[in-house]
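The next block is my_file.cif, given as mmCIF, C-alpha atoms.
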data_final
#
loop_
_atom_site.label_atom_id
_atom_site.label_comp_id
_atom_site.auth_asym_id
_atom_site.auth_seq_id
_atom_site.Cartn_x
_atom_site.Cartn_y
_atom_site.Cartn_z
CA MET G 1 -4.89 22.98 8.69
CA ASN G 2 -3.88 25.41 5.92
CA ALA G 3 -0.28 24.13 6.03
CA ILE G 4 -1.47 20.51 5.83
CA TYR G 5 -3.68 21.32 2.84
CA ILE G 6 -0.90 23.17 1.00
CA LEU G 7 1.55 20.30 1.46
CA TRP G 8 -1.13 17.78 0.42
CA TRP G 9 -1.95 19.81 -2.70
CA ARG G 10 1.77 20.09 -3.53
CA GLN G 11 2.01 16.29 -3.64
CA MET G 12 -1.13 16.05 -5.76
CA LYS G 13 0.10 18.63 -8.28
CA ARG G 14 3.43 16.85 -8.64
CA TYR G 15 1.59 13.59 -9.29
CA LEU G 16 -1.00 14.96 -11.71
CA ARG G 17 1.63 16.79 -13.76
CA THR G 18 3.68 13.63 -14.31
CA ARG G 19 1.79 11.46 -16.77
CA SER G 20 4.59 8.90 -16.98
CA ARG G 21 4.28 8.35 -13.23
CA ILE G 22 0.51 7.91 -13.52
CA PHE G 23 0.71 5.28 -16.24
CA GLY G 24 3.85 3.63 -14.90
CA SER G 25 2.34 3.11 -11.46
CA ILE G 26 -0.47 0.92 -12.80
CA GLY G 27 1.62 -0.95 -15.39
CA GLN G 28 2.93 -3.58 -12.98
CA PRO G 29 -0.47 -4.36 -11.37
CA ILE G 30 -2.05 -4.77 -14.81
CA LEU G 31 0.79 -7.09 -15.83
CA PHE G 32 0.19 -9.20 -12.73
CA LEU G 33 -3.53 -9.35 -13.46
CA LEU G 34 -2.92 -10.51 -17.02
CA ALA G 35 0.03 -12.84 -16.45
CA LEU G 36 -1.20 -14.43 -13.24
CA GLY G 37 -4.95 -13.94 -13.44
CA TYR G 38 -5.25 -15.56 -16.85
CA GLY G 39 -1.97 -17.50 -16.98
CA LEU G 40 -2.53 -19.43 -13.74
CA GLY G 41 -6.30 -19.23 -13.70
CA ALA G 42 -6.81 -22.62 -15.30
CA VAL G 43 -4.39 -24.32 -12.90
CA PHE G 44 -6.06 -22.67 -9.91
CA GLU G 45 -9.49 -23.77 -11.12
CA ARG G 46 -8.38 -27.37 -11.72
CA ALA G 47 -7.11 -27.46 -8.14
CA GLY G 48 -10.67 -26.78 -7.01
CA GLN G 49 -9.97 -23.26 -5.73
CA GLY G 50 -12.42 -21.43 -8.01
CA ASP G 51 -11.79 -18.36 -10.16
CA TYR G 52 -8.20 -17.17 -9.64
CA LEU G 53 -8.93 -13.68 -10.97
CA GLN G 54 -11.52 -13.18 -8.22
CA PHE G 55 -8.99 -14.37 -5.65
CA LEU G 56 -6.10 -12.35 -7.09
CA VAL G 57 -7.61 -8.87 -7.42
CA PRO G 58 -7.57 -7.98 -3.68
CA GLY G 59 -3.92 -9.06 -3.56
CA ILE G 60 -3.02 -6.89 -6.55
CA ILE G 61 -4.79 -3.92 -4.95
CA LEU G 62 -2.68 -4.49 -1.83
CA GLN G 63 0.43 -4.70 -4.01
CA THR G 64 -0.44 -1.34 -5.54
CA LEU G 65 -0.85 0.23 -2.10
CA LEU G 66 2.40 -1.33 -0.88
CA PHE G 67 4.64 -0.23 -3.72
CA SER G 68 3.03 3.19 -4.09
CA GLY G 69 2.90 3.94 -0.36
CA VAL G 70 6.39 2.84 0.59
CA PHE G 71 8.11 4.25 -2.48
CA TRP G 72 6.37 7.55 -1.83
CA GLY G 73 8.96 8.05 0.89
CA ILE G 74 11.51 8.83 -1.81
CA GLN G 75 9.84 12.25 -2.09
CA ILE G 76 11.23 13.03 1.36
CA LEU G 77 14.71 12.20 0.09
CA PHE G 78 14.22 14.51 -2.89
CA ASP G 79 13.19 17.31 -0.55
CA LYS G 80 16.22 16.59 1.62
CA ARG G 81 18.61 16.60 -1.30
CA PHE G 82 17.37 19.85 -2.85
CA GLY G 83 16.93 21.74 0.42
CA PHE G 84 13.15 22.09 0.33
CA LEU G 85 12.68 19.96 3.45
CA LYS G 86 15.02 22.25 5.38
CA GLU G 87 12.90 25.26 4.42
CA MET G 88 9.75 23.47 5.58
CA LEU G 89 11.24 22.38 8.90
CA VAL G 90 12.52 25.85 9.84
CA ALA G 91 9.11 27.37 9.12
CA PRO G 92 6.85 28.12 12.13
CA VAL G 93 4.85 24.95 11.51
CA PRO G 94 4.96 21.87 13.74
CA ARG G 95 6.85 18.97 12.22
CA VAL G 96 3.84 16.74 12.70
CA LYS G 97 1.84 18.94 10.33
CA VAL G 98 4.64 18.87 7.75
CA LEU G 99 4.71 15.08 7.93
CA LEU G 100 0.92 14.77 7.92
CA GLY G 101 0.43 17.01 4.90
CA ASN G 102 2.99 15.11 2.86
CA ALA G 103 1.82 11.68 4.06
CA LEU G 104 -1.80 12.48 3.22
CA GLY G 105 -0.68 13.41 -0.28
CA GLY G 106 1.07 10.05 -0.65
CA THR G 107 -1.97 8.31 0.81
CA THR G 108 -4.33 9.99 -1.65
CA ILE G 109 -2.12 9.02 -4.59
CA SER G 110 -2.07 5.40 -3.41
CA ILE G 111 -5.86 5.36 -3.12
CA ILE G 112 -6.26 6.78 -6.63
CA GLN G 113 -3.97 4.11 -8.04
CA ALA G 114 -5.82 1.37 -6.17
CA LEU G 115 -9.15 2.60 -7.56
CA VAL G 116 -7.71 2.60 -11.08
CA VAL G 117 -6.55 -1.00 -10.61
CA PHE G 118 -10.01 -1.95 -9.35
CA ILE G 119 -11.67 -0.39 -12.40
CA VAL G 120 -9.25 -2.19 -14.71
CA ALA G 121 -9.93 -5.46 -12.88
CA VAL G 122 -13.68 -5.01 -13.36
CA ALA G 123 -13.02 -4.47 -17.08
CA PHE G 124 -11.07 -7.76 -17.10
CA GLY G 125 -14.01 -9.63 -15.57
CA PHE G 126 -13.69 -9.20 -11.81
CA ARG G 127 -17.05 -8.96 -10.02
CA PRO G 128 -17.39 -8.14 -6.29
CA GLN G 129 -19.70 -10.60 -4.57
CA ASN G 130 -21.48 -7.92 -2.56
CA TRP G 131 -21.38 -4.33 -3.82
CA VAL G 132 -22.85 -3.12 -0.52
CA LEU G 133 -19.57 -3.96 1.24
CA LEU G 134 -17.46 -1.86 -1.14
CA PRO G 135 -17.60 1.25 1.11
CA LEU G 136 -16.03 -0.86 3.88
CA ALA G 137 -13.43 -2.07 1.38
CA LEU G 138 -12.66 1.57 0.55
CA LEU G 139 -12.16 2.38 4.23
CA ILE G 140 -9.77 -0.56 4.51
CA VAL G 141 -7.88 0.68 1.45
CA MET G 142 -7.62 4.14 3.02
CA ALA G 143 -6.29 2.70 6.28
CA LEU G 144 -3.75 0.53 4.46
CA ALA G 145 -2.65 3.43 2.26
CA LEU G 146 -2.01 5.67 5.29
CA THR G 147 -0.22 2.83 7.08
CA LEU G 148 2.14 2.15 4.19
CA ALA G 149 2.74 5.83 3.41
CA SER G 150 3.67 6.38 7.06
CA PHE G 151 5.96 3.37 6.95
CA GLY G 152 7.65 4.73 3.83
CA ALA G 153 8.05 8.16 5.41
CA GLY G 154 9.64 6.62 8.49
CA LEU G 155 12.11 4.65 6.39
CA ALA G 156 13.00 7.70 4.27
CA SER G 157 13.62 9.73 7.42
CA MET G 158 16.28 7.24 8.51
CA VAL G 159 18.47 7.30 5.38
CA GLU G 160 20.35 10.02 3.52
CA ASP G 161 20.74 8.66 -0.02
CA PHE G 162 18.56 7.07 -2.68
CA GLN G 163 20.63 3.89 -2.93
CA GLY G 164 20.20 3.17 0.77
CA PHE G 165 16.47 3.74 0.55
CA GLN G 166 16.14 1.46 -2.48
CA ALA G 167 18.17 -1.26 -0.77
CA ILE G 168 16.01 -1.14 2.36
CA ASN G 169 12.85 -1.19 0.27
CA ASN G 170 13.96 -4.19 -1.77
CA PHE G 171 14.96 -5.98 1.41
CA LEU G 172 11.55 -5.38 3.01
CA ILE G 173 8.92 -4.93 0.31
CA PHE G 174 9.33 -8.09 -1.73
CA PRO G 175 9.47 -10.48 1.25
CA LEU G 176 6.46 -8.75 2.81
CA PHE G 177 4.51 -9.08 -0.43
CA PHE G 178 5.45 -12.62 -1.44
CA LEU G 179 5.20 -13.96 2.11
CA SER G 180 1.66 -12.66 2.46
CA SER G 181 -1.45 -14.35 1.10
CA ALA G 182 -1.72 -11.90 -1.81
CA LEU G 183 -0.94 -14.43 -4.54
CA TYR G 184 -1.93 -17.78 -3.04
CA PRO G 185 -4.38 -19.18 -0.47
CA LEU G 186 -3.01 -20.30 2.88
CA THR G 187 -4.87 -23.60 2.83
CA ASN G 188 -2.66 -26.65 2.20
CA VAL G 189 0.57 -24.63 2.17
CA PRO G 190 3.68 -25.76 4.11
CA ASP G 191 3.59 -24.97 7.81
CA VAL G 192 6.59 -22.65 7.60
CA LEU G 193 4.95 -20.56 4.88
CA ARG G 194 1.65 -20.44 6.75
CA ILE G 195 3.40 -19.27 9.94
CA LEU G 196 5.33 -16.56 8.08
CA ALA G 197 2.13 -15.38 6.40
CA SER G 198 0.29 -15.37 9.73
CA ILE G 199 2.81 -12.99 11.32
CA ASN G 200 2.90 -10.77 8.22
CA PRO G 201 0.56 -7.75 8.70
CA LEU G 202 -0.07 -7.55 4.94
CA SER G 203 -1.79 -10.94 5.06
CA TYR G 204 -4.50 -9.43 7.23
CA GLY G 205 -4.88 -6.44 4.92
CA VAL G 206 -5.45 -8.55 1.82
CA ASP G 207 -7.65 -10.93 3.81
CA ALA G 208 -9.89 -8.03 4.88
CA LEU G 209 -10.19 -6.94 1.25
CA ARG G 210 -11.17 -10.49 0.26
CA HIS G 211 -13.87 -10.57 2.93
CA THR G 212 -15.38 -7.35 1.60
CA MET G 213 -14.89 -8.05 -2.12
CA ILE G 214 -15.33 -11.79 -2.66
CA GLY G 215 -17.05 -12.83 0.56
CA GLY G 216 -14.38 -14.99 2.16
CA GLY G 217 -10.93 -15.12 3.68
CA HIS G 218 -8.53 -17.15 5.76
CA PHE G 219 -8.83 -15.17 9.00
CA SER G 220 -11.95 -13.60 10.47
CA LEU G 221 -12.83 -10.04 9.43
CA PRO G 222 -12.77 -8.69 13.03
CA THR G 223 -9.25 -10.11 13.45
CA ASP G 224 -8.19 -8.46 10.19
CA LEU G 225 -9.55 -5.08 11.27
CA ILE G 226 -7.90 -5.24 14.69
CA VAL G 227 -4.51 -6.04 13.16
CA ILE G 228 -4.89 -3.29 10.53
CA ALA G 229 -5.76 -0.72 13.22
CA ALA G 230 -2.85 -1.77 15.44
CA VAL G 231 -0.33 -1.65 12.59
CA LEU G 232 -1.66 1.75 11.50
CA VAL G 233 -1.00 3.19 14.96
CA ILE G 234 2.48 1.64 15.06
CA CYS G 235 3.45 2.94 11.62
CA VAL G 236 2.18 6.47 12.31
CA PHE G 237 4.13 6.53 15.59
CA PHE G 238 7.22 5.22 13.77
CA ALA G 239 6.93 7.92 11.08
CA VAL G 240 6.45 10.75 13.60
CA ASN G 241 9.33 9.51 15.75
CA ARG G 242 11.80 9.22 12.87
CA PHE G 243 10.69 12.46 11.19
CA ASN G 244 11.19 14.41 14.40
CA ARG G 245 14.81 13.20 14.48
CA ILE G 246 15.73 14.60 11.08
CA GLN G 247 18.60 17.08 11.41
CA VAL G 248 18.50 20.23 9.27
#

Can the structure from this file be put into structure tokens for me?
Amino acid sequence: MNAIYILWWRQMKRYLRTRSRIFGSIGQPILFLLALGYGLGAVFERAGQGDYLQFLVPGIILQTLLFSGVFWGIQILFDKRFGFLKEMLVAPVPRVKVLLGNALGGTTISIIQALVVFIVAVAFGFRPQNWVLLPLALLIVMALALTLASFGAGLASMVEDFQGFQAINNFLIFPLFFLSSALYPLTNVPDVLRILASINPLSYGVDALRHTMIGGGHFSLPTDLIVIAAVLVICVFFAVNRFNRIQV
């Protein structure tokens, strides 16, 4: 446990010492809240869908977790490039602990950023329908953050250069985000889009957040939780499998 804590604290210190990273990580979510929440709010309301800001905030929180969690994997590439990962892997510590300590650091950073976005959203006028359900929302955020950090770690373990990692991320992240229900409801959308969103695991993550924050969603909350749990197990297994194959 001491090795896990040290590696977790290393990630936290690197994050807290980089103010540009702290402010830059929440810049895009705030831009989405302003540009979409207020820019399209009137159109959304005229369509009879209610307050778009209320609908949008869970999706922006998921976006924050997605970009932060997956891009966290680039830290593994940095450690590879500068030789630090080799020193960790030859130490008398199981690889699973090395991966877990680093992944928990990335998960914690993602959670912090999501909480900051939530606070900013409240300042902009967002109001959860039932504050009692917020602890469940936090647990969902934690599960999603660990899932996406594990996914990012698995991807980073498969590539050797930053350009390859960026290309894979751009190929996966943006389709996963825009083909989920983060920015639009799934009612009255074309069948193809609804099918793609239904097989996208992120749709169930944002739907679970909507159930706990605004009191409604497209799928049922038990279905959302089952999918989130299954994807978490798959992503952790994927990360462990790929990390164990790294050659030093």

Worksheet entry | Spatial neighbours of region 62-77 of chain G, 6 Å, all atoms listed in the file, chain gap at least 2 places, as a list of chain:residue names |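 Skipping anything fewer than 2 positions along the chain leaves G:Gly59, G:Ile60, G:Asp79, G:Lys80, G:Gly106, G:Ser110, G:Ala145, G:Leu148, G:Ala149, G:Gly152, G:Ala153, G:Ala156.
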
Picked residues, the PyMOL selection byres ((chain G and resi 187) around 12), expected as a PDB file with C-alpha atoms, in the frame of the given file:
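Done, and the output landed in selection.pdb:
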ATOM      1  CA  ALA G  47      -7.110 -27.460  -8.140  1.00  0.00           C
ATOM      2  CA  GLY G  48     -10.670 -26.780  -7.010  1.00  0.00           C
ATOM      3  CA  GLN G  49      -9.970 -23.260  -5.730  1.00  0.00           C
ATOM      4  CA  SER G 181      -1.450 -14.350   1.100  1.00  0.00           C
ATOM      5  CA  TYR G 184      -1.930 -17.780  -3.040  1.00  0.00           C
ATOM      6  CA  PRO G 185      -4.380 -19.180  -0.470  1.00  0.00           C
ATOM      7  CA  LEU G 186      -3.010 -20.300   2.880  1.00  0.00           C
ATOM      8  CA  ASN G 188      -2.660 -26.650   2.200  1.00  0.00           C
ATOM      9  CA  VAL G 189       0.570 -24.630   2.170  1.00  0.00           C
ATOM     10  CA  PRO G 190       3.680 -25.760   4.110  1.00  0.00           C
ATOM     11  CA  ASP G 191       3.590 -24.970   7.810  1.00  0.00           C
ATOM     12  CA  LEU G 193       4.950 -20.560   4.880  1.00  0.00           C
ATOM     13  CA  ARG G 194       1.650 -20.440   6.750  1.00  0.00           C
ATOM     14  CA  ILE G 195       3.400 -19.270   9.940  1.00  0.00           C
ATOM     15  CA  ALA G 197       2.130 -15.380   6.400  1.00  0.00           C
ATOM     16  CA  SER G 198       0.290 -15.370   9.730  1.00  0.00           C
ATOM     17  CA  GLY G 217     -10.930 -15.120   3.680  1.00  0.00           C
ATOM     18  CA  HIS G 218      -8.530 -17.150   5.760  1.00  0.00           C
ATOM     19  CA  PHE G 219      -8.830 -15.170   9.000  1.00  0.00           C
TER      20      PHE G 219
END

Worksheet item: Contacts of region 201-207 of chain G at 9 Å or less, counting all atoms listed in the file, minus same-chain residues fewer than 4 places along, as a PyMOL selection string?
Response: chain G and resi 58-62+66+140-141+144+176-177+179-182+197+211-212+216-221+223-225+227-228+231

Worksheet item: What is the distance, in Å and to one decimal place, between CA of Gln166 (chain G) and CA of Val57 (chain G)?
Response: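 Interatomic distance here is 26.4 Å.
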
Worksheet item: From the set G:Gly154, G:Gly125, G:Gly83, G:Gly27, which residue has the shortest atom-to-atom contact distance to Phe238 (chain G), counting all atoms listed in the file?
Response: G:Gly154

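Using all atoms listed in the file, the nearest neighbour of Leu155 (chain G) within the list G:Val192, G:Ile246, G:Gly215, G:Leu133 is G:Ile246.
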